Amino acid sequence: MKVFISVDMEGISGLVRWPDVSPTGIDFERNRQLMTQDANAAIEGAFQGGATEVVVEENHGVEDLCVLRMDTIDERCTVIRGAGRPGATTMAGLDADAGVVMLIGHHGRAGSYPGIMAHTISYTAFKLVSLAGQPIGEPDFFAIRAGELGVPVGLVSGDQIVAEQVQARCPWADTVIVKEAFGRESGEVIPPVRARPMIEEAAARTVRRALAGEYQPLDVRGPYEFEVQLRQPAGDAMRANLDGLEGFDLAEDTRVVVTAPDMDLGFRRVAYLGYANQPGVTKH
Ligand SMILES: [Zn+2]
């Protein structure tokens with residue numbers, strides 16, 4: 001079975017603050033290593049559980065989506081990294097051949113409190129992202145896109161908030177709560193050296209359960225209508241960019257309605273709004 005592992009940074013064991021996940025923060029090299037070690041725990045568990053192939057995809061949006069350390073990542077996987085990916089951006093490597101999706105180091109959605117570094121796609125640009133009137137986070141995009149391809153989400157690691165949110169949509173999913181959020185940048189963490197065996201064990205169980213057919217892909221189909229609440233009113237550049245672009249309706253100066261036939265394009269269109277304030281940038 002091919003296993004797809006999406007790795008983000010905000011939900012990595014031991015990390016609680018924005019400077020922990022920023023190249024300009026403290027100890028970024030060490031924190032990259034912590035991220036890589038959580039990923040390695042999931043990779044190790046996946047192979048123990050019966051995976052024949054593991055594809056890891058980087059989802060943390062700094063340094064052009066190149067944060068995992070290639071010198072210490074488990075040599076048995078392949079890694080999708082770098083910006084400008086085709087398809088559903090940070091799900092570019094997810095296809096119908098995968099048997100299960102794991103979300104490692106993920107975080108709660110925008111509007112969550114508490115929730116360690118909770119946001120949806122862009123903390124600085126988006127106040128809230130909703131689908132059909134319900135607030136959604138990155139795991140929702142992933143679970144729905146995976147469902148469109150017939151692939152279930154089986155595991156999430158992060159704080160208790162992302163765990164609850166994934167289980168609300170995918171009640172069968174295993175969770176590894178590596179930290180308890182107290183606020184937006186505080187919490188009680190399990191030391192990574194103890195969190196990693198928890199991730200490994202859960203990943204092995206997840207693949208075994210996937211092989212046993214215990215998971216259901218989500219049965220959600222487009223077309224989709226999203227609402228994105230912007231933190232800053234749309235400026236001249238964003239207005240000019242969105243004018244005439246299919247799938248975008250600037251309903252108010254801080255509210256954009258985005259429509260898409262499927263989640264591949266839906267994710268791209270919502271993500272585009274995070275940089276649509278740059279003059280002349282209409283590619284998404
Ligand atoms: Zn991230």
# chains A, B, ... in the order shown; residues from 1 in each chain; ligands from 1

$ closest_atom_pairs --of "range 81-120 of chain A" --to "range 270-282 of chain A" --cutoff "12 Å" --atoms "only C-alpha atoms" --output "tab-separated table"
residue	atom	partner	partner_atom	distance
A:Gly84	CA	A:Tyr272	CA	11.7
A:Ala88	CA	A:Ala271	CA	9.6
A:Thr89	CA	A:Ala271	CA	8.6
A:Thr90	CA	A:Ala271	CA	10.0
A:Thr120	CA	A:Ala271	CA	9.4

$ write_last_selection --atoms "all heavy atoms" --output "tab-separated table (two decimals), in the first residue's frame"
chain	number	residue	atom	x	y	z
A	84	GLY	N	5.29	26.09	-6.51
A	84	GLY	CA	4.92	25.97	-7.92
A	84	GLY	C	4.54	24.56	-8.30
A	84	GLY	O	4.80	24.12	-9.42
A	88	ALA	N	-3.39	20.39	-6.79
A	88	ALA	CA	-3.87	20.99	-5.55
A	88	ALA	C	-2.72	21.43	-4.64
A	88	ALA	O	-2.70	21.14	-3.45
A	88	ALA	CB	-4.79	20.03	-4.83
A	89	THR	N	-1.77	22.15	-5.17
A	89	THR	CA	-0.62	22.73	-4.46
A	89	THR	C	0.00	21.75	-3.46
A	89	THR	O	0.69	20.83	-3.88
A	89	THR	CB	-0.97	24.08	-3.80
A	89	THR	OG1	-1.99	23.88	-2.83
A	89	THR	CG2	-1.48	25.06	-4.82
A	90	THR	N	-0.26	21.91	-2.17
A	90	THR	CA	0.42	21.05	-1.20
A	90	THR	C	-0.22	19.66	-1.08
A	90	THR	O	0.10	18.91	-0.16
A	90	THR	CB	0.51	21.72	0.19
A	90	THR	OG1	-0.80	22.07	0.62
A	90	THR	CG2	1.39	22.94	0.14
A	120	THR	N	-5.89	28.92	8.88
A	120	THR	CA	-6.23	28.17	7.68
A	120	THR	C	-5.47	28.78	6.51
A	120	THR	O	-5.75	29.92	6.11
A	120	THR	CB	-7.75	28.19	7.41
A	120	THR	OG1	-8.42	27.59	8.53
A	120	THR	CG2	-8.10	27.41	6.14

$ residues_near_ligand --ligand "ligand 1" --cutoff "6 Å" --atoms "only C-alpha atoms and all ligand atoms" --output "NGL selection string"
:A and (8-10 or 60-61)

$ closest_residue --among "A:Met91, A:Val79, A:Ile161, A:Val100" --to "Leu211 in chain A" --atoms "only C-alpha atoms"
A:Val100

$ closest_residue --among "A:Glu252, A:Ile5, A:Tyr215, A:Arg69" --to "Glu29 in chain A" --atoms "only C-alpha atoms"
A:Arg69

$ select_by_dssp --residues "range 106-276 of chain A" --states "strand (DSSP E)" --output "VMD selection string"
chain A and resid 126 to 131 134 to 135 153 to 159 174 to 181 187 to 189 224 to 230 248 to 252 255 to 260

$ closest_residue --among "A:Leu250, A:Ala210, A:Ile136, A:Ala51" --to "Trp172 in chain A" --atoms "only C-alpha atoms"
A:Ala210

$ closest_residue --among "A:Arg145, A:Ala168, A:Asp71, A:Pro191" --to "Ile12 in chain A" --atoms "only C-alpha atoms"
A:Pro191

$ residues_around --residues "Ile144 in chain A" --least-positions-apart "4" --cutoff "7 Å" --atoms "only C-alpha atoms" --output "VMD selection string"
chain A and resid 140 148 218 220 263

$ write_last_selection --atoms "N, CA, C and O atoms" --output "PDB file, in the first residue's frame"
ATOM      1  N   ASP A 140      -9.465  19.777   6.555  1.00  0.00           N
ATOM      2  CA  ASP A 140     -10.724  19.607   5.827  1.00  0.00           C
ATOM      3  C   ASP A 140     -10.476  19.593   4.319  1.00  0.00           C
ATOM      4  O   ASP A 140     -11.040  18.770   3.598  1.00  0.00           O
ATOM      5  N   GLU A 148     -12.350  12.794  -2.738  1.00  0.00           N
ATOM      6  CA  GLU A 148     -12.644  12.863  -4.180  1.00  0.00           C
ATOM      7  C   GLU A 148     -11.843  11.809  -4.947  1.00  0.00           C
ATOM      8  O   GLU A 148     -12.283  11.305  -5.978  1.00  0.00           O
ATOM      9  N   LEU A 218     -14.035  10.118   2.472  1.00  0.00           N
ATOM     10  CA  LEU A 218     -15.182  11.023   2.577  1.00  0.00           C
ATOM     11  C   LEU A 218     -15.944  11.037   1.263  1.00  0.00           C
ATOM     12  O   LEU A 218     -15.347  11.046   0.190  1.00  0.00           O
ATOM     13  N   VAL A 220     -17.773  13.434  -0.334  1.00  0.00           N
ATOM     14  CA  VAL A 220     -18.177  14.827  -0.540  1.00  0.00           C
ATOM     15  C   VAL A 220     -17.779  15.197  -1.964  1.00  0.00           C
ATOM     16  O   VAL A 220     -16.676  14.882  -2.396  1.00  0.00           O
ATOM     17  N   MET A 263     -12.122  20.025  -5.387  1.00  0.00           N
ATOM     18  CA  MET A 263     -11.250  20.526  -4.326  1.00  0.00           C
ATOM     19  C   MET A 263      -9.828  20.781  -4.814  1.00  0.00           C
ATOM     20  O   MET A 263      -9.095  21.551  -4.199  1.00  0.00           O
TER      21      MET A 263
END

$ select_by_dssp --residues "range 36-240 of chain A" --states "alpha helix (DSSP H)" --output "PyMOL selection string"
chain A and resi 36-49+138-148+160-169+192-211+236-240

$ closest_residue --among "A:His284, A:Ala98, A:Arg255, A:Pro135" --to "Arg85 in chain A" --atoms "only C-alpha atoms"
A:His284

$ closest_residue --among "A:Pro233, A:Pro23, A:Gly99, A:Gly222" --to "Thr259 in chain A" --atoms "only C-alpha atoms"
A:Gly222

$ atom_distance --atom1 "CA of Ala260 in chain A" --atom2 "CA of Gly82 in chain A"
24.5 Å

$ atom_distance --atom1 "CA of Leu149 in chain A" --atom2 "CA of Val101 in chain A"
11.2 Å

$ residues_around --residues "His106 in chain A" --least-positions-apart "5" --cutoff "12 Å" --atoms "only C-alpha atoms" --output "ChimeraX atom specification"
/A:5-13,15,35,38-39,58-60,115-121,137-140,142,155-166,175-179

$ residues_around --residues "Gly49 in chain A" --least-positions-apart "5" --cutoff "9 Å" --atoms "only C-alpha atoms" --output "tab-separated table (two decimals) with N, CA and C atoms, in the first residue's frame"
chain	number	residue	atom	x	y	z
A	44	GLU	N	8.48	5.39	9.58
A	44	GLU	CA	8.86	4.11	10.18
A	44	GLU	C	7.62	3.28	10.53
A	201	GLU	N	3.86	4.28	16.54
A	201	GLU	CA	2.90	3.22	16.85
A	201	GLU	C	1.55	3.47	16.18
A	203	ALA	N	1.00	5.28	13.48
A	203	ALA	CA	1.13	5.16	12.02
A	203	ALA	C	1.08	3.70	11.60
A	204	ALA	N	1.72	2.83	12.37
A	204	ALA	CA	1.68	1.40	12.06
A	204	ALA	C	0.25	0.88	12.15
A	205	ARG	N	-0.44	1.29	13.20
A	205	ARG	CA	-1.84	0.86	13.38
A	205	ARG	C	-2.72	1.38	12.25
A	206	THR	N	-2.45	2.60	11.83
A	206	THR	CA	-3.25	3.22	10.76
A	206	THR	C	-3.11	2.43	9.47
A	207	VAL	N	-1.88	2.05	9.12
A	207	VAL	CA	-1.71	1.30	7.86
A	207	VAL	C	-2.36	-0.08	7.97
A	208	ARG	N	-2.21	-0.69	9.13
A	208	ARG	CA	-2.87	-2.00	9.30
A	208	ARG	C	-4.38	-1.88	9.16
A	209	ARG	N	-4.94	-0.82	9.76
A	209	ARG	CA	-6.39	-0.62	9.65
A	209	ARG	C	-6.80	-0.29	8.22
A	211	LEU	N	-5.24	-1.33	5.53
A	211	LEU	CA	-5.15	-2.59	4.77
A	211	LEU	C	-6.34	-3.49	5.07
